[in-house]
Structure formats: C-alpha cells, structure tokens
$ cat structure_23.txt   # compact mmCIF, C-alpha atoms
# COMPACT_ATOMS: atom_id res chain seq x y z
CA MET S 18 -123.04 56.32 -59.90
CA THR S 19 -120.17 54.71 -57.93
CA ILE S 20 -121.26 51.26 -59.10
CA VAL S 21 -121.41 52.45 -62.70
CA ARG S 22 -117.91 53.93 -62.49
CA THR S 23 -116.61 50.71 -60.97
CA LEU S 24 -118.12 48.65 -63.76
CA ILE S 25 -116.67 51.00 -66.36
CA GLY S 26 -113.24 50.68 -64.74
CA LEU S 27 -113.44 46.88 -64.70
CA PHE S 28 -114.55 46.83 -68.33
CA ALA S 29 -111.65 49.10 -69.32
CA ALA S 30 -109.18 46.85 -67.50
CA MET S 31 -110.60 43.77 -69.23
CA LEU S 32 -110.42 45.53 -72.60
CA LEU S 33 -106.79 46.48 -71.99
CA ALA S 34 -105.92 42.89 -71.11
CA ALA S 35 -107.73 41.64 -74.21
CA CYS S 36 -105.71 44.05 -76.33
CA GLY S 37 -102.43 42.58 -75.08
CA GLY S 38 -101.44 45.19 -72.51
CA ALA S 39 -98.35 44.39 -70.41
CA PRO S 40 -99.14 42.58 -67.13
CA ARG S 41 -98.94 44.66 -63.97
CA ASP S 42 -97.16 41.86 -62.08
CA VAL S 43 -94.53 39.28 -62.94
CA THR S 44 -96.03 36.59 -65.15
CA PHE S 45 -94.32 33.21 -65.49
CA HIS S 46 -94.90 31.56 -68.87
CA ALA S 47 -94.64 27.80 -68.41
CA ASP S 48 -94.24 27.30 -72.16
CA GLY S 49 -94.03 29.28 -75.36
CA ASN S 50 -91.76 32.18 -76.21
CA PRO S 51 -93.40 35.56 -75.58
CA ALA S 52 -92.54 38.02 -78.33
CA LYS S 53 -92.07 41.01 -76.02
CA LEU S 54 -90.14 41.38 -72.80
CA SER S 55 -93.11 43.28 -71.39
CA ASP S 56 -95.18 40.08 -71.64
CA TRP S 57 -93.30 38.80 -68.60
CA GLY S 58 -94.32 41.77 -66.46
CA LEU S 59 -90.85 42.15 -64.99
CA PHE S 60 -90.38 45.89 -65.40
CA THR S 61 -92.19 49.20 -65.64
CA VAL S 62 -90.65 51.83 -67.93
CA ALA S 63 -91.91 55.31 -67.09
CA LYS S 64 -90.68 58.84 -66.34
CA GLY S 65 -87.11 58.10 -67.39
CA ARG S 66 -86.70 55.01 -65.21
CA ILE S 67 -86.99 51.25 -65.57
CA MET S 68 -88.21 49.70 -62.33
CA PRO S 69 -88.55 46.07 -61.18
CA HIS S 70 -91.89 44.67 -60.13
CA ALA S 71 -92.60 43.18 -56.70
CA GLY S 72 -90.62 40.10 -55.74
CA MET S 73 -87.67 40.82 -58.02
CA VAL S 74 -84.37 40.86 -56.15
CA THR S 75 -81.36 42.68 -57.59
CA TYR S 76 -78.00 40.98 -57.07
CA GLU S 77 -74.37 41.51 -58.08
CA LEU S 78 -71.32 39.27 -58.53
CA ASN S 79 -67.95 39.59 -56.84
CA SER S 80 -66.34 39.56 -60.29
CA PRO S 81 -68.66 39.95 -63.29
CA LEU S 82 -67.97 38.51 -66.72
CA PHE S 83 -66.66 40.97 -69.31
CA SER S 84 -69.10 41.89 -72.09
CA ASP S 85 -67.62 44.65 -74.24
CA TYR S 86 -67.66 47.13 -71.34
CA ALA S 87 -71.45 46.96 -70.95
CA GLN S 88 -72.86 47.29 -67.45
CA LYS S 89 -75.37 44.70 -66.26
CA TRP S 90 -78.40 44.82 -64.02
CA ARG S 91 -79.20 41.37 -62.62
CA THR S 92 -82.44 40.28 -60.98
CA ILE S 93 -84.05 37.07 -59.78
CA TRP S 94 -87.72 36.30 -59.18
CA MET S 95 -89.45 33.20 -57.78
CA PRO S 96 -93.07 32.26 -57.19
CA LYS S 97 -94.29 32.38 -53.61
CA GLY S 98 -93.68 29.33 -51.45
CA VAL S 99 -90.62 27.91 -53.22
CA HIS S 100 -86.88 28.39 -52.82
CA ALA S 101 -83.50 27.46 -54.28
CA THR S 102 -81.17 25.00 -52.56
CA TYR S 103 -77.60 25.96 -51.69
CA ASP S 104 -74.55 24.19 -53.15
CA PRO S 105 -70.99 25.13 -52.13
CA ASP S 106 -69.49 24.70 -55.60
CA GLN S 107 -72.08 24.44 -58.35
CA TRP S 108 -75.06 26.54 -59.43
CA PHE S 109 -77.90 26.51 -56.94
CA ASP S 110 -80.86 24.19 -57.52
CA PHE S 111 -83.68 26.58 -58.45
CA PRO S 112 -87.38 25.69 -58.51
CA VAL S 113 -89.64 25.68 -61.54
CA GLY S 114 -91.01 29.17 -62.05
CA THR S 115 -87.71 31.01 -61.41
CA ILE S 116 -86.94 33.91 -63.76
CA VAL S 117 -83.42 35.34 -63.89
CA SER S 118 -82.86 38.54 -65.86
CA LYS S 119 -79.69 40.29 -66.96
CA THR S 120 -80.05 43.69 -68.65
CA PHE S 121 -77.05 45.10 -70.57
CA TYR S 122 -76.65 48.85 -70.97
CA TYR S 123 -74.19 51.62 -71.83
CA SER S 124 -74.01 55.31 -71.12
CA THR S 125 -74.40 57.73 -74.00
CA PRO S 126 -72.44 61.00 -74.19
CA ALA S 127 -74.33 63.81 -72.47
CA THR S 128 -74.75 65.68 -75.77
CA ALA S 129 -75.77 62.66 -77.82
CA ALA S 130 -79.34 61.69 -78.59
CA VAL S 131 -80.36 58.05 -78.48
CA ALA S 132 -80.37 56.55 -81.97
CA GLN S 133 -83.83 56.53 -83.48
CA ALA S 134 -83.05 54.12 -86.31
CA SER S 135 -81.48 50.67 -86.12
CA ALA S 136 -79.08 51.56 -88.94
CA GLU S 137 -77.68 54.53 -87.02
CA VAL S 138 -74.45 53.86 -85.18
CA LEU S 139 -74.79 54.96 -81.57
CA LYS S 140 -71.86 56.34 -79.61
CA VAL S 141 -71.52 54.83 -76.16
CA THR S 142 -69.15 55.31 -73.24
CA PRO S 143 -68.23 53.22 -70.18
CA ALA S 144 -71.53 53.04 -68.31
CA THR S 145 -71.87 54.75 -64.96
CA TYR S 146 -72.55 51.92 -62.52
CA GLN S 147 -75.98 51.76 -60.91
CA THR S 148 -76.92 49.19 -58.28
CA GLY S 149 -80.34 48.70 -59.88
CA VAL S 150 -81.95 48.01 -56.51
CA ALA S 151 -84.62 50.63 -57.25
CA GLY S 152 -84.30 50.24 -61.02
CA LEU S 153 -82.19 52.23 -63.45
CA ASP S 154 -82.13 55.94 -64.22
CA LEU S 155 -82.34 55.96 -68.02
CA ARG S 156 -81.04 59.48 -68.58
CA HIS S 157 -78.08 59.10 -70.97
CA VAL S 158 -78.45 55.30 -70.82
CA ARG S 159 -78.91 53.04 -73.83
CA LEU S 160 -80.52 49.70 -72.99
CA ILE S 161 -79.16 47.04 -75.35
CA GLU S 162 -80.59 43.67 -74.39
CA THR S 163 -82.17 41.70 -71.56
CA ARG S 164 -81.41 37.99 -71.35
CA LEU S 165 -83.82 35.77 -69.45
CA LEU S 166 -83.10 32.38 -67.96
CA VAL S 167 -86.44 30.74 -67.20
CA LYS S 168 -86.74 27.52 -65.17
CA ARG S 169 -89.49 25.41 -66.69
CA ALA S 170 -90.56 21.83 -65.96
CA ASN S 171 -88.08 20.48 -68.52
CA GLY S 172 -85.20 22.69 -67.38
CA TRP S 173 -83.79 26.13 -68.04
CA VAL S 174 -84.59 28.07 -71.23
CA ALA S 175 -82.55 31.06 -72.47
CA LEU S 176 -84.43 33.91 -74.18
CA PRO S 177 -82.58 36.99 -75.55
CA TYR S 178 -84.62 40.21 -75.89
CA VAL S 179 -83.28 43.28 -77.76
CA TRP S 180 -84.44 46.74 -76.68
CA ASN S 181 -85.87 49.21 -79.16
CA ALA S 182 -84.07 52.51 -79.67
CA ASP S 183 -86.28 54.53 -77.34
CA GLY S 184 -86.02 52.01 -74.50
CA THR S 185 -89.73 51.29 -74.11
CA ASP S 186 -89.74 47.53 -74.77
CA ALA S 187 -87.58 44.67 -76.04
CA THR S 188 -88.31 42.05 -78.71
CA LEU S 189 -87.34 38.37 -78.63
CA GLU S 190 -84.49 37.66 -81.06
CA ARG S 191 -83.95 33.89 -80.91
CA THR S 192 -81.51 34.04 -83.84
CA GLY S 193 -79.46 36.78 -82.18
CA ALA S 194 -78.73 40.28 -83.39
CA ASP S 195 -75.95 42.77 -84.05
CA VAL S 196 -76.16 46.30 -82.66
CA PRO S 197 -73.70 48.72 -84.32
CA LEU S 198 -71.97 50.88 -81.71
CA THR S 199 -68.98 53.17 -81.42
CA TYR S 200 -67.24 52.84 -78.08
CA VAL S 201 -65.82 56.17 -76.92
CA GLU S 202 -63.14 56.30 -74.24
CA ALA S 203 -60.95 59.38 -73.67
CA THR S 204 -59.62 60.26 -77.14
CA ARG S 205 -60.14 56.80 -78.62
CA GLN S 206 -63.20 55.62 -80.58
CA THR S 207 -63.74 52.02 -81.60
CA ALA S 208 -66.54 50.96 -83.95
CA PHE S 209 -67.83 47.45 -83.36
CA ASN S 210 -70.94 45.32 -83.56
CA TYR S 211 -72.32 44.42 -80.16
CA THR S 212 -73.44 40.80 -80.58
CA VAL S 213 -76.60 39.51 -78.95
CA PRO S 214 -76.18 35.72 -78.85
CA ASN S 215 -78.66 33.36 -80.44
CA GLN S 216 -80.19 30.59 -78.35
CA ASN S 217 -77.61 28.02 -79.45
CA GLN S 218 -74.80 30.36 -78.42
CA CYS S 219 -76.46 30.87 -75.04
CA ALA S 220 -76.25 27.11 -74.57
CA GLY S 221 -72.60 27.17 -75.65
CA CYS S 222 -71.71 28.95 -72.40
CA HIS S 223 -74.54 27.95 -70.07
CA ALA S 224 -74.25 24.20 -70.73
CA GLN S 225 -71.49 23.76 -68.15
CA ASP S 226 -71.61 19.95 -67.99
CA TYR S 227 -70.95 18.04 -71.20
CA ARG S 228 -72.72 14.97 -69.84
CA THR S 229 -76.16 16.59 -69.63
CA ARG S 230 -75.72 19.61 -71.96
CA ALA S 231 -78.41 21.25 -69.83
CA ILE S 232 -78.51 25.05 -69.57
CA THR S 233 -77.72 26.31 -66.07
CA PRO S 234 -76.94 29.72 -64.51
CA ILE S 235 -73.28 30.77 -64.43
CA GLY S 236 -73.18 33.54 -61.85
CA LEU S 237 -75.65 32.12 -59.33
CA LYS S 238 -73.05 30.21 -57.32
CA ALA S 239 -71.95 30.74 -53.75
CA ARG S 240 -68.47 32.06 -54.55
CA HIS S 241 -69.86 34.72 -56.90
CA LEU S 242 -72.74 35.86 -54.66
CA ASN S 243 -70.95 35.82 -51.30
CA ARG S 244 -70.64 39.59 -50.83
CA ASP S 245 -72.45 42.54 -49.29
CA PHE S 246 -74.87 44.43 -51.52
CA PRO S 247 -77.69 46.95 -50.89
CA GLY S 248 -81.31 45.90 -50.95
CA GLU S 249 -83.93 44.59 -48.55
CA GLY S 250 -82.43 44.63 -45.07
CA GLY S 251 -79.79 47.22 -46.00
CA GLU S 252 -76.30 46.56 -47.31
CA ILE S 253 -75.90 42.98 -46.14
CA ASN S 254 -74.54 39.68 -47.43
CA GLN S 255 -76.52 38.66 -50.51
CA LEU S 256 -76.78 35.01 -49.50
CA ARG S 257 -78.19 35.98 -46.11
CA ARG S 258 -80.69 38.29 -47.83
CA LEU S 259 -81.88 35.48 -50.09
CA VAL S 260 -82.31 33.24 -47.04
CA ALA S 261 -84.18 35.97 -45.13
CA ILE S 262 -86.73 36.52 -47.91
CA GLY S 263 -87.24 32.79 -48.45
CA TYR S 264 -85.46 32.52 -51.80
CA LEU S 265 -82.62 30.25 -50.64
CA ALA S 266 -82.20 27.41 -48.13
CA GLY S 267 -79.26 25.38 -46.85
CA VAL S 268 -76.60 28.10 -46.51
CA PRO S 269 -74.21 26.97 -43.76
CA HIS S 270 -73.37 29.16 -40.79
CA GLY S 271 -69.67 28.44 -41.27
CA SER S 272 -67.33 29.02 -44.20
CA VAL S 273 -68.83 29.83 -47.61
CA PRO S 274 -66.69 30.02 -50.79
CA HIS S 275 -65.77 33.54 -51.86
CA ASN S 276 -64.22 34.89 -55.05
CA ALA S 277 -62.25 38.13 -55.07
CA ASP S 278 -63.31 41.29 -56.84
CA TRP S 279 -60.95 41.17 -59.83
CA HIS S 280 -60.20 44.92 -59.73
CA ASN S 281 -59.80 45.19 -55.94
CA ASP S 282 -56.09 45.63 -55.26
CA LYS S 283 -56.57 44.56 -51.63
CA ALA S 284 -57.21 40.96 -52.67
CA GLY S 285 -53.81 40.45 -54.30
CA THR S 286 -52.91 39.74 -57.92
CA VAL S 287 -53.24 35.95 -57.74
CA ALA S 288 -56.69 35.99 -56.10
CA GLU S 289 -57.93 38.66 -58.50
CA ALA S 290 -56.66 36.87 -61.60
CA ARG S 291 -58.07 33.52 -60.48
CA ALA S 292 -61.47 35.16 -59.90
CA TYR S 293 -61.30 36.82 -63.33
CA LEU S 294 -60.43 33.57 -65.11
CA ASP S 295 -63.06 31.68 -63.13
CA ILE S 296 -65.99 33.90 -64.15
CA ASN S 297 -64.82 34.48 -67.75
CA CYS S 298 -63.50 31.05 -68.64
CA SER S 299 -64.44 28.24 -66.25
CA HIS S 300 -67.95 27.62 -67.59
CA CYS S 301 -66.09 25.83 -70.44
CA HIS S 302 -62.67 25.23 -68.89
CA ASN S 303 -63.57 22.83 -66.10
CA GLN S 304 -63.50 19.11 -65.56
CA GLN S 305 -66.97 18.61 -67.05
CA GLY S 306 -67.08 21.59 -69.42
CA ALA S 307 -66.98 21.87 -73.19
CA ALA S 308 -63.22 22.63 -73.07
CA ARG S 309 -62.38 19.80 -70.65
CA THR S 310 -60.29 18.01 -73.32
CA SER S 311 -57.94 21.00 -73.51
CA GLY S 312 -56.58 19.98 -70.12
CA LEU S 313 -56.76 23.64 -69.05
CA TRP S 314 -59.19 24.04 -66.17
CA LEU S 315 -59.63 27.53 -64.80
CA ASP S 316 -62.34 27.09 -62.18
CA ALA S 317 -61.77 28.33 -58.63
CA LYS S 318 -61.28 24.86 -57.10
CA THR S 319 -58.47 23.76 -59.41
CA ILE S 320 -55.08 24.02 -57.71
CA ASP S 321 -52.87 21.70 -59.80
CA PRO S 322 -50.37 24.08 -61.49
CA ARG S 323 -50.17 21.90 -64.60
CA VAL S 324 -53.95 21.90 -65.07
CA LEU S 325 -53.91 25.66 -64.53
CA GLY S 326 -51.67 25.83 -67.60
CA MET S 327 -48.18 26.04 -66.04
CA CYS S 328 -45.75 24.64 -68.62
CA LYS S 329 -48.63 22.78 -70.28
CA PRO S 330 -48.36 22.56 -74.08
CA PRO S 331 -51.58 23.18 -76.03
CA VAL S 332 -53.61 20.13 -77.01
CA ALA S 333 -54.28 21.50 -80.51
CA ALA S 334 -51.59 23.41 -82.38
CA GLY S 335 -52.25 26.17 -84.88
CA ARG S 336 -52.30 29.93 -85.06
CA GLY S 337 -54.29 30.07 -81.82
CA THR S 338 -51.03 29.48 -79.97
CA GLY S 339 -49.33 32.57 -81.39
CA ASP S 340 -46.20 30.40 -81.73
CA ARG S 341 -45.96 30.30 -77.94
CA PRO S 342 -44.92 27.01 -76.36
CA PHE S 343 -47.19 26.68 -73.29
CA ASP S 344 -50.49 27.93 -71.95
CA VAL S 345 -48.63 29.65 -69.12
CA VAL S 346 -44.87 30.20 -68.84
CA PRO S 347 -44.19 31.40 -65.27
CA GLY S 348 -42.68 34.86 -65.28
CA HIS S 349 -43.08 35.23 -69.05
CA PRO S 350 -46.51 36.41 -70.23
CA ASP S 351 -44.98 37.24 -73.63
CA ARG S 352 -44.33 33.51 -74.14
CA SER S 353 -47.70 32.37 -72.72
CA ILE S 354 -50.71 31.43 -74.85
CA LEU S 355 -53.33 32.48 -72.29
CA PRO S 356 -52.90 36.29 -72.45
CA TYR S 357 -52.35 36.11 -76.21
CA ARG S 358 -55.79 34.60 -76.74
CA LEU S 359 -57.46 36.88 -74.19
CA ALA S 360 -56.06 39.94 -75.99
CA SER S 361 -57.05 38.84 -79.49
CA THR S 362 -60.24 39.90 -81.27
CA ASP S 363 -59.67 37.46 -84.14
CA PRO S 364 -62.61 34.98 -84.06
CA GLY S 365 -60.23 32.12 -84.83
CA ILE S 366 -57.93 32.95 -81.93
CA MET S 367 -59.72 34.83 -79.19
CA MET S 368 -60.91 33.50 -75.88
CA PRO S 369 -63.61 33.45 -74.75
CA GLU S 370 -64.94 32.50 -78.16
CA LEU S 371 -68.31 34.16 -77.51
CA GLY S 372 -69.57 37.20 -75.65
CA ARG S 373 -67.15 39.90 -76.71
CA ASN S 374 -65.86 41.81 -79.73
CA LEU S 375 -63.46 44.13 -77.89
CA GLU S 376 -60.30 43.43 -75.97
CA HIS S 377 -60.68 43.82 -72.23
CA THR S 378 -57.40 45.63 -71.71
CA GLU S 379 -57.71 45.82 -67.91
CA GLY S 380 -58.43 42.10 -67.67
CA VAL S 381 -55.53 41.21 -69.96
CA ASP S 382 -53.22 43.45 -67.93
CA LEU S 383 -54.30 41.61 -64.77
CA VAL S 384 -53.53 38.19 -66.30
CA ILE S 385 -50.14 39.49 -67.48
CA ARG S 386 -49.34 40.67 -63.95
CA TYR S 387 -50.49 37.31 -62.59
CA ILE S 388 -48.21 35.32 -64.90
CA THR S 389 -45.34 37.68 -64.13
CA THR S 390 -45.63 36.82 -60.41
CA LEU S 391 -45.43 33.05 -60.99
CA LYS S 392 -42.21 31.26 -60.18
CA GLY S 393 -40.65 28.34 -61.99
CA ALA S 394 -39.26 27.42 -65.39
CA CYS S 395 -40.46 25.37 -68.34
CA GLU S 396 -38.33 23.04 -70.40
CA GLU S 397 -39.27 24.13 -73.89
CA ASP S 398 -39.63 21.51 -76.60
CA ASP S 399 -37.15 22.38 -79.33
CA GLY S 400 -38.09 19.42 -81.47
CA PRO S 401 -37.43 15.65 -81.53
CA ARG S 402 -34.71 14.43 -79.20
CA GLU S 403 -32.82 11.19 -78.94
CA VAL S 404 -34.08 8.92 -76.21
CA ALA S 405 -31.45 6.94 -74.34
CA THR S 406 -31.90 3.17 -74.47
CA ARG S 407 -30.39 0.40 -72.44

$ encode --input "structure_23.txt" --output "structure tokens"
Amino acid sequence: MTIVRTLIGLFAAMLLAACGGAPRDVTFHADGNPAKLSDWGLFTVAKGRIMPHAGMVTYELNSPLFSDYAQKWRTIWMPKGVHATYDPDQWFDFPVGTIVSKTFYYSTPATAAVAQASAEVLKVTPATYQTGVAGLDLRHVRLIETRLLVKRANGWVALPYVWNADGTDATLERTGADVPLTYVEATRQTAFNYTVPNQNQCAGCHAQDYRTRAITPIGLKARHLNRDFPGEGGEINQLRRLVAIGYLAGVPHGSVPHNADWHNDKAGTVAEARAYLDINCSHCHNQQGAARTSGLWLDAKTIDPRVLGMCKPPVAAGRGTGDRPFDVVPGHPDRSILPYRLASTDPGIMMPELGRNLEHTEGVDLVIRYITTLKGACEEDDGPREVATR
C-alpha cells in the first residue's frame, strides 16, 4: 500500500509539472522570456504573504531611487558555486545565472478593497516599509510590478512583470504598462498613471556606459550596499553577509565607499543631497553615461564644482531651463535649473526623464537646501559683450 501511495504521489507531481505548475525552487531560464513571474520559482504567495525561496537574499540601499512613492523589495539569487566580484566604484561583476528582483508595492487604505478590475482606479498611500527578509505581509498591500535583471551568457536582460489585481501572479509586459492609481496623502489625492517601463526604457537607465550600451545593475555597487541590514547572521553589514554566504568575493578589509541615507539628518545636507543625486541621476549623468555630453556629472566620485553644475550654463537651451541661467547657482535654488527640472512633471522638462510621474517633494526640498548652503557667485551672461582687442 505504501508503494502504491508513493507511486500515486510521484504521478501527481509529474502531472502537475506537465500542466505548467510553478516550480518549487528558483529556476534560471538561460533563454526565452517566461510569460509568468511564477515560472522563475522565486516566490511563494500563500496565506496573505509573499515569501522568497531558498537562496534568495534580501538587500537594501543606503539611498533608494524615487519611484512615485512606491516601496521596493529587492532580492538577489545565484546558482551554487559561483560568486560576484567586488569593484569599489562600478557595479559588481556577477556570474551567469544571477537573478536580481525588485518588487514595487503600495499600501492601500485600511477600508479599501484591492481593485478587482484593471480599469478600476485603486487608491494607494505611502507604503509601510517592510524589510522583506522573511517576505512581505500582503494585508493592505497592492503589488504593482516585479522587475527582473537576469544575467545570461550574452549579458543582462531586463524583464518587467505586472501583478494581477489579487496579487497571485505577475505577467510579463515587455511593452510596458500603465496602472491607474490615486495617491492619497493626508488631505491630498493625486490621480496618476503608474508607468511600468518597457524593455527599451529599462535599457535607457541601466545602460550606464555609452560605449557598450550593455544593461547593468544600478544599485548593486559598493557605495549603495555598504550598510547594516537584517538577514542571515543578524543585522550586519550587507557586503560582509554576501561574502559570508559565498555570493561576493574581493571586498577589502579597509575602507569601502559609502553613500549617505538621503533622509538621515545626521549625515549633513551636502552628503545627503549628493547621495540623492547619485542614485537618481548618475546612471545617465556620469562621464560615460547617456547624458555625458551635458557636462553635468552627478556621480559620487565627481568633485569638480563646475562639472557638478556650479555656474555651468546648460548645453541645450529651451524651456527645460525654466529661463534660469545655470544648472546650479550657489545660494539661489530659485535661479538654478537642477531643482526646477526635478520638481517638474512635464515630460519635456522633468528629470529624471523616466521612472516617475509625481514630484518627489522631499527630494526636491533636499536639493533646494543643498544649493542654499553653497557659497560663491556666478557671473550671469546678459548677452553679447564687446571683447577688448590689442
């Protein structure tokens, strides 16, 4: 009888697999584009929770990129026996088989039901932060999308998956998607379309070097990961955790770059603003990035005041300047282009160009405070002037 039951159980398992059931463990797909997020076997959704499968490590950044006030749960998974290689400045060199996930979510008002139809506009609020180490509690949480970065033999591939309304699975949307939401904060409500990027738009940010145009991770750099965070081994430094579990090699015992937490007042306004601009802008505004020709480089290593925008006129004129003379006018944010473009939601003006539809008021306020602290004066160009000749 025991043998019969065993055979029946094996047959049932085989039948389930043949019918396309979700894998019980993480499954790396070396090619192709699986239609469902569940095909990767990254998560289990059950009993009001979404939980990571074995080998997935949750991580957090010192300063995360702003995405219309959505919270993000980040994980990384690698096959056994391989590891990433440390770099002090650039993204780490990850092995083939690596899967990086980033799940975006909001909180829903306690009295609101999750939308059951895609046409229904869902009300969302600032999400209550969860570490995600043991997964997410989905009570009053609306999962929006999960973006995967997958390292294949030919390089990284970006795959955006959009969650269904009941949060049971997500579908690949290579052409992107719009999710209508109403953002509720205090007495203010703002209707907007949350934009899931298409694959070309993913490359627009993740191709950080114009010479190769290859997709690479943005947040998986030493300066963003160098912080304590709970997980295996307790609340310890994330880089040390990755070394301890065999996911990372080459981390020095000495100094490691570190970005500030942009909303930690202890770090100081300059450090916070530089960290904010680094994570939100420097994937394009760097010496090798798509916006290199602007002459405005906002990565953490840049120290030249002129390249950081001080008294630097814009390369291209137009309404994107807001009739302001320089990228940054020390002491005068109202005459500086940088906060003007960060505050705008006009597609022809706003920066970053992708990844948001709302103004990040707290981030803009930080940049305004930063510019206010800067010392110096700019000689404004009032038009053609006579040049003395000998």

$ atom_distance --input "structure_23.txt" --atom1 "CA of Arg159 in chain S" --atom2 "CA of Tyr122 in chain S"
5.6 Å

$ closest_atom_pairs --input "structure_23.txt" --of "range 258-351 of chain S" --to "range 227-233 of chain S" --cutoff "12 Å" --atoms "all atoms listed in the file" --output "CSV"
residue,atom,partner,partner_atom,distance
S:His300,CA,S:Thr233,CA,10.0
S:Cys301,CA,S:Tyr227,CA,9.2
S:His302,CA,S:Tyr227,CA,11.2
S:Asn303,CA,S:Tyr227,CA,10.2
S:Gln304,CA,S:Tyr227,CA,9.4
S:Gln305,CA,S:Tyr227,CA,5.8
S:Gly306,CA,S:Tyr227,CA,5.5
S:Ala307,CA,S:Tyr227,CA,5.9
S:Ala308,CA,S:Tyr227,CA,9.2
S:Arg309,CA,S:Tyr227,CA,8.8
S:Thr310,CA,S:Tyr227,CA,10.9

$ closest_atom_pairs --input "structure_23.txt" --of "range 36-117 of chain S" --to "range 246-258 of chain S" --cutoff "8 Å" --atoms "all atoms listed in the file" --output "JSON lines"
{"residue": "S:Val74", "atom": "CA", "partner": "S:Gly248", "partner_atom": "CA", "distance": 7.9}
{"residue": "S:Thr75", "atom": "CA", "partner": "S:Gly248", "partner_atom": "CA", "distance": 7.4}
{"residue": "S:Tyr76", "atom": "CA", "partner": "S:Gln255", "partner_atom": "CA", "distance": 7.1}
{"residue": "S:Glu77", "atom": "CA", "partner": "S:Phe246", "partner_atom": "CA", "distance": 7.2}

$ atom_distance --input "structure_23.txt" --atom1 "CA of Pro234 in chain S" --atom2 "CA of Trp173 in chain S"
8.5 Å

$ closest_residue --input "structure_23.txt" --among "S:Pro197, S:Pro81, S:Gly184, S:Pro177" --to "Asn297 in chain S" --atoms "all atoms listed in the file"
S:Pro81

$ closest_residue --input "structure_23.txt" --among "S:Glu396, S:Asp282, S:Asp110, S:Asp344" --to "Gly312 in chain S" --atoms "only C-alpha atoms"
S:Asp344

$ closest_atom_pairs --input "structure_23.txt" --of "range 165-238 of chain S" --to "range 361-371 of chain S" --cutoff "9 Å" --atoms "only C-alpha atoms" --output "CSV"
residue,atom,partner,partner_atom,distance
S:Thr212,CA,S:Leu371,CA,8.9
S:Pro214,CA,S:Leu371,CA,8.1
S:Gln218,CA,S:Leu371,CA,7.6
S:Gly221,CA,S:Leu371,CA,8.4
S:Cys222,CA,S:Leu371,CA,8.1

$ residues_around --input "structure_23.txt" --residues "range 47-52 of chain S" --least-positions-apart "6" --cutoff "7 Å" --atoms "only C-alpha atoms" --output "PyMOL selection string"
chain S and resi 169+188-189

$ atom_distance --input "structure_23.txt" --atom1 "CA of Leu153 in chain S" --atom2 "CA of Thr204 in chain S"
27.6 Å

$ residues_near_point --input "structure_23.txt" --point "(-50.9, 28.7, -64.7)" --cutoff "9 Å" --atoms "all atoms listed in the file" --output "PyMOL selection string"
chain S and resi 313+315+321-329+344-347+355+387-388+391

$ residues_around --input "structure_23.txt" --residues "Arg66 in chain S" --least-positions-apart "2" --cutoff "7 Å" --atoms "only C-alpha atoms" --output "list in words"
Val62, Ala63, Lys64, Met68, Gly152, Leu153, Asp154 and Leu155 of chain S

$ write_last_selection --input "structure_23.txt" --atoms "C-alpha atoms" --output "PDB file, in the coordinates of the input"
ATOM      1  CA  VAL S  62     -90.650  51.830 -67.930  1.00  0.00           C
ATOM      2  CA  ALA S  63     -91.910  55.310 -67.090  1.00  0.00           C
ATOM      3  CA  LYS S  64     -90.680  58.840 -66.340  1.00  0.00           C
ATOM      4  CA  MET S  68     -88.210  49.700 -62.330  1.00  0.00           C
ATOM      5  CA  GLY S 152     -84.300  50.240 -61.020  1.00  0.00           C
ATOM      6  CA  LEU S 153     -82.190  52.230 -63.450  1.00  0.00           C
ATOM      7  CA  ASP S 154     -82.130  55.940 -64.220  1.00  0.00           C
ATOM      8  CA  LEU S 155     -82.340  55.960 -68.020  1.00  0.00           C
TER       9      LEU S 155
END
